[in-house]
>>> print(open('model20.cif').read())   # mmCIF, C-alpha atoms
data_model
loop_
_atom_site.group_PDB
_atom_site.id
_atom_site.type_symbol
_atom_site.label_atom_id
_atom_site.label_comp_id
_atom_site.auth_asym_id
_atom_site.auth_seq_id
_atom_site.Cartn_x
_atom_site.Cartn_y
_atom_site.Cartn_z
ATOM 1 C CA MET A 167 5.119 34.485 -25.656
ATOM 2 C CA PHE A 168 8.162 33.666 -23.455
ATOM 3 C CA ASN A 169 11.601 35.112 -23.843
ATOM 4 C CA LYS A 170 14.676 32.976 -23.104
ATOM 5 C CA ALA A 171 15.060 34.343 -19.585
ATOM 6 C CA GLY A 172 11.388 33.771 -18.812
ATOM 7 C CA LEU A 173 11.488 30.230 -20.146
ATOM 8 C CA GLY A 174 14.687 29.480 -18.230
ATOM 9 C CA ASN A 175 13.106 30.790 -15.027
ATOM 10 C CA LEU A 176 10.014 28.687 -15.649
ATOM 11 C CA MET A 177 12.159 25.581 -16.162
ATOM 12 C CA GLN A 178 14.048 26.258 -12.909
ATOM 13 C CA GLN A 179 10.760 26.611 -11.042
ATOM 14 C CA ALA A 180 9.495 23.364 -12.568
ATOM 15 C CA GLN A 181 12.678 21.561 -11.525
ATOM 16 C CA LYS A 182 12.382 22.869 -7.943
ATOM 17 C CA MET A 183 8.734 21.817 -7.886
ATOM 18 C CA GLN A 184 9.684 18.337 -9.086
ATOM 19 C CA GLU A 185 12.299 18.022 -6.322
ATOM 20 C CA LYS A 186 9.777 19.124 -3.704
ATOM 21 C CA MET A 187 7.236 16.626 -5.029
ATOM 22 C CA LYS A 188 9.781 13.793 -4.782
ATOM 23 C CA GLN A 189 10.533 14.817 -1.211
ATOM 24 C CA ALA A 190 6.828 14.934 -0.377
ATOM 25 C CA GLN A 191 6.295 11.482 -1.884
ATOM 26 C CA ALA A 192 9.118 10.109 0.265
ATOM 27 C CA GLU A 193 7.612 11.740 3.354
ATOM 28 C CA LEU A 194 4.279 10.049 2.650
ATOM 29 C CA ALA A 195 5.890 6.664 3.321
ATOM 30 C CA ASN A 196 6.373 7.762 6.943
ATOM 31 C CA ILE A 197 2.814 8.986 7.470
ATOM 32 C CA THR A 198 0.411 6.354 8.800
ATOM 33 C CA VAL A 199 -3.312 6.357 9.457
ATOM 34 C CA GLU A 200 -5.532 3.935 11.307
ATOM 35 C CA GLY A 201 -8.809 2.632 9.980
ATOM 36 C CA GLU A 202 -11.235 0.796 12.166
ATOM 37 C CA ALA A 203 -14.479 -1.121 12.109
ATOM 38 C CA GLY A 204 -16.791 -2.740 14.620
ATOM 39 C CA GLY A 205 -16.366 0.064 17.118
ATOM 40 C CA GLY A 206 -12.594 -0.343 17.098
ATOM 41 C CA MET A 207 -12.625 -4.130 17.378
ATOM 42 C CA VAL A 208 -10.685 -4.352 14.113
ATOM 43 C CA LYS A 209 -7.988 -1.775 13.355
ATOM 44 C CA ILE A 210 -5.647 -1.518 10.391
ATOM 45 C CA THR A 211 -2.663 0.823 10.264
ATOM 46 C CA LEU A 212 -1.780 1.837 6.725
ATOM 47 C CA SER A 213 1.023 4.011 5.348
ATOM 48 C CA CYS A 214 0.249 6.712 2.821
ATOM 49 C CA HIS A 215 1.874 4.405 0.255
ATOM 50 C CA HIS A 216 -0.918 1.905 1.000
ATOM 51 C CA ALA A 217 1.352 -0.539 2.833
ATOM 52 C CA VAL A 218 -0.341 -2.339 5.700
ATOM 53 C CA LYS A 219 1.784 -1.771 8.794
ATOM 54 C CA ARG A 220 -0.372 -3.458 11.414
ATOM 55 C CA VAL A 221 -3.620 -5.373 11.832
ATOM 56 C CA HIS A 222 -5.251 -5.551 15.245
ATOM 57 C CA ILE A 223 -8.185 -7.850 15.982
ATOM 58 C CA ASP A 224 -9.733 -7.581 19.429
ATOM 59 C CA ASP A 225 -9.327 -10.757 21.488
ATOM 60 C CA SER A 226 -13.093 -11.163 21.783
ATOM 61 C CA LEU A 227 -13.385 -11.343 17.992
ATOM 62 C CA ALA A 228 -10.419 -13.665 17.625
ATOM 63 C CA ALA A 229 -11.993 -16.135 20.032
ATOM 64 C CA ASP A 230 -15.222 -16.196 17.992
ATOM 65 C CA ALA A 231 -13.507 -16.118 14.585
ATOM 66 C CA ALA A 232 -14.162 -19.769 13.848
ATOM 67 C CA SER A 233 -17.870 -19.375 14.499
ATOM 68 C CA ASP A 234 -18.341 -16.173 12.487
ATOM 69 C CA LYS A 235 -15.566 -16.023 9.909
ATOM 70 C CA GLU A 236 -17.659 -14.009 7.432
ATOM 71 C CA MET A 237 -18.312 -11.230 9.956
ATOM 72 C CA LEU A 238 -14.591 -11.002 10.759
ATOM 73 C CA GLU A 239 -13.729 -10.817 7.051
ATOM 74 C CA ASP A 240 -16.294 -8.016 6.596
ATOM 75 C CA LEU A 241 -14.857 -6.085 9.542
ATOM 76 C CA ILE A 242 -11.320 -6.417 8.184
ATOM 77 C CA ALA A 243 -12.457 -5.178 4.763
ATOM 78 C CA ALA A 244 -14.345 -2.264 6.346
ATOM 79 C CA ALA A 245 -11.321 -1.295 8.477
ATOM 80 C CA PHE A 246 -9.047 -1.408 5.436
ATOM 81 C CA ASN A 247 -11.461 0.735 3.407
ATOM 82 C CA ASP A 248 -11.677 3.233 6.275
ATOM 83 C CA ALA A 249 -7.884 3.415 6.397
ATOM 84 C CA ALA A 250 -7.671 3.806 2.606
ATOM 85 C CA ARG A 251 -10.057 6.798 2.708
ATOM 86 C CA LYS A 252 -7.970 8.358 5.469
ATOM 87 C CA VAL A 253 -4.781 7.760 3.450
ATOM 88 C CA GLU A 254 -6.233 9.642 0.486
ATOM 89 C CA ALA A 255 -7.248 12.557 2.700
ATOM 90 C CA ALA A 256 -3.847 12.674 4.427
ATOM 91 C CA ALA A 257 -1.979 12.466 1.116
ATOM 92 C CA GLN A 258 -4.061 15.244 -0.429
ATOM 93 C CA GLN A 259 -3.532 17.448 2.596
ATOM 94 C CA HIS A 260 0.215 16.779 2.605
ATOM 95 C CA MET A 261 0.652 17.329 -1.129
ATOM 96 C CA SER A 262 -1.541 20.447 -1.231
ATOM 97 C CA GLN A 263 1.176 22.422 0.538
ATOM 98 C CA PHE A 264 3.237 22.149 -2.640
ATOM 99 C CA THR A 265 0.537 23.408 -5.000
ATOM 100 C CA GLN A 266 -0.749 26.345 -2.949
ATOM 101 C CA GLY A 267 0.308 29.704 -4.239
ATOM 102 C CA LEU A 268 1.428 28.450 -7.636
ATOM 103 C CA GLY A 269 -1.368 30.257 -9.442
ATOM 104 C CA LEU A 270 -2.347 27.127 -11.334
ATOM 105 C CA PRO A 271 -5.454 27.194 -13.534
ATOM 106 C CA PRO A 272 -8.596 25.712 -11.954
ATOM 107 C CA GLY A 273 -8.364 21.932 -11.692
ATOM 108 C CA MET A 274 -4.620 21.761 -12.363
ATOM 109 C CA ASP A 275 -3.769 21.461 -8.683
ATOM 110 C CA ASN A 276 -5.356 17.989 -8.812
ATOM 111 C CA PHE A 277 -2.674 17.004 -11.314
ATOM 112 C CA PHE A 278 -0.100 16.956 -8.511
ATOM 113 C CA LYS A 279 -2.177 14.922 -6.029
#
>>> encode(input="model20.cif", output="structure tokens")
Amino acid sequence: MFNKAGLGNLMQQAQKMQEKMKQAQAELANITVEGEAGGGMVKITLSCHHAVKRVHIDDSLAADAASDKEMLEDLIAAAFNDAARKVEAAAQQHMSQFTQGLGLPPGMDNFFK
């Protein structure tokens, strides 16, 4: 099916692809997204490695936090979930540049995401 030269070329391509994927993974640590809830009253900044970089709670919510702790907790959870969805979208978009044009069988491009 493959001759030695063809297999060697395929292995070189795979090694280059692996190096590019490592680079892309490292770049994802520098990409951040912001999720929000409550009309922007709660905002969470998240890296594409799912590290929380910043949490912002509007002063008006912070003042009422003692009286409505459950609502604040729900808003924080909603903002985090919004950020997590945006992280997935950003990561897929960033990583897709490495799988385009490879001629992978249908569904295999998801293997690299």
>>> resolve_selection(input="model20.cif", expression="the PyMOL selection byres ((chain A and resi 196-208) around 6)", output="VMD selection string")
chain A and resid 193 to 195 209 to 214 222 to 224 241 244 to 245 248 to 249
>>> atom_distance(input="model20.cif", atom1="CA of Gln258 (chain A)", atom2="CA of Gln181 (chain A)")
21.1 Å
>>> closest_residue(input="model20.cif", among="A:Lys252, A:His215, A:Gly172, A:Glu239", to="Ala190 (chain A)", atoms="all atoms listed in the file")
A:His215
>>> axis_aligned_box(input="model20.cif", around="region 193-204 of chain A", padding_each_side="6 Å", output="lines of an AutoDock Vina configuration file")
center_x = -4.6
center_y = 4.5
center_z = 8.6
size_x = 36.4
size_y = 26.5
size_z = 24.0
>>> atom_distance(input="model20.cif", atom1="CA of Ala243 (chain A)", atom2="CA of Ala229 (chain A)")
18.8 Å
>>> atom_distance(input="model20.cif", atom1="CA of Val253 (chain A)", atom2="CA of His216 (chain A)")
7.4 Å
>>> closest_residue(input="model20.cif", among="A:Ile242, A:Ala250, A:Gly174, A:Lys186", to="Val221 (chain A)", atoms="all atoms listed in the file")
A:Ile242
>>> decode(input="model20.cif", residues="region 171-183 of chain A", atoms="all heavy atoms", output="compact mmCIF listing (two decimals), in the first residue's frame")
# COMPACT_ATOMS: atom_id res chain seq x y z
N ALA A 171 9.37 5.36 0.80
CA ALA A 171 9.42 6.82 0.63
C ALA A 171 8.08 7.45 1.00
O ALA A 171 8.04 8.48 1.66
CB ALA A 171 9.80 7.17 -0.80
N GLY A 172 7.01 6.81 0.59
CA GLY A 172 5.67 7.33 0.91
C GLY A 172 5.40 7.30 2.40
O GLY A 172 4.84 8.25 2.96
N LEU A 173 5.80 6.23 3.05
CA LEU A 173 5.61 6.12 4.49
C LEU A 173 6.47 7.13 5.24
O LEU A 173 6.01 7.76 6.19
CB LEU A 173 5.93 4.70 4.96
CG LEU A 173 5.64 4.38 6.42
CD1 LEU A 173 4.19 4.63 6.75
CD2 LEU A 173 6.01 2.94 6.73
N GLY A 174 7.70 7.31 4.78
CA GLY A 174 8.59 8.30 5.40
C GLY A 174 8.02 9.70 5.27
O GLY A 174 8.07 10.49 6.21
N ASN A 175 7.48 10.01 4.09
CA ASN A 175 6.88 11.32 3.86
C ASN A 175 5.66 11.51 4.77
O ASN A 175 5.47 12.59 5.35
CB ASN A 175 6.48 11.47 2.39
CG ASN A 175 6.03 12.86 2.05
OD1 ASN A 175 6.48 13.83 2.66
ND2 ASN A 175 5.16 12.97 1.07
N LEU A 176 4.87 10.48 4.90
CA LEU A 176 3.69 10.53 5.76
C LEU A 176 4.10 10.76 7.21
O LEU A 176 3.48 11.56 7.93
CB LEU A 176 2.88 9.24 5.63
CG LEU A 176 1.57 9.18 6.41
CD1 LEU A 176 0.61 10.25 5.91
CD2 LEU A 176 0.94 7.80 6.24
N MET A 177 5.15 10.12 7.65
CA MET A 177 5.63 10.28 9.03
C MET A 177 6.15 11.71 9.25
O MET A 177 5.92 12.29 10.31
CB MET A 177 6.72 9.26 9.35
CG MET A 177 6.22 7.83 9.38
SD MET A 177 4.92 7.56 10.60
CE MET A 177 5.89 7.65 12.09
N GLN A 178 6.83 12.27 8.25
CA GLN A 178 7.32 13.65 8.37
C GLN A 178 6.15 14.62 8.46
O GLN A 178 6.17 15.55 9.26
CB GLN A 178 8.20 14.01 7.18
CG GLN A 178 9.58 13.41 7.22
CD GLN A 178 10.40 13.78 5.98
OE1 GLN A 178 9.87 14.23 4.98
NE2 GLN A 178 11.70 13.56 6.08
N GLN A 179 5.11 14.39 7.66
CA GLN A 179 3.93 15.25 7.71
C GLN A 179 3.25 15.14 9.08
O GLN A 179 2.81 16.14 9.63
CB GLN A 179 2.95 14.87 6.61
CG GLN A 179 3.39 15.31 5.23
CD GLN A 179 2.39 14.90 4.17
OE1 GLN A 179 1.77 13.83 4.25
NE2 GLN A 179 2.23 15.75 3.17
N ALA A 180 3.17 13.93 9.60
CA ALA A 180 2.55 13.73 10.91
C ALA A 180 3.34 14.44 12.01
O ALA A 180 2.76 15.05 12.91
CB ALA A 180 2.43 12.24 11.22
N GLN A 181 4.65 14.41 11.91
CA GLN A 181 5.50 15.07 12.90
C GLN A 181 5.32 16.59 12.82
O GLN A 181 5.21 17.26 13.84
CB GLN A 181 6.96 14.71 12.70
CG GLN A 181 7.87 15.26 13.79
CD GLN A 181 9.31 14.78 13.64
OE1 GLN A 181 9.69 14.19 12.64
NE2 GLN A 181 10.11 15.05 14.65
N LYS A 182 5.26 17.14 11.61
CA LYS A 182 5.04 18.58 11.44
C LYS A 182 3.67 18.97 11.99
O LYS A 182 3.53 20.00 12.64
CB LYS A 182 5.15 18.97 9.97
CG LYS A 182 6.56 18.98 9.44
CD LYS A 182 6.59 19.36 7.97
CE LYS A 182 7.99 19.24 7.41
NZ LYS A 182 8.03 19.55 5.97
N MET A 183 2.68 18.13 11.73
CA MET A 183 1.33 18.39 12.22
C MET A 183 1.32 18.39 13.75
O MET A 183 0.71 19.25 14.38
CB MET A 183 0.36 17.33 11.68
CG MET A 183 -1.03 17.47 12.18
SD MET A 183 -1.77 18.94 11.48
CE MET A 183 -3.44 18.71 12.01
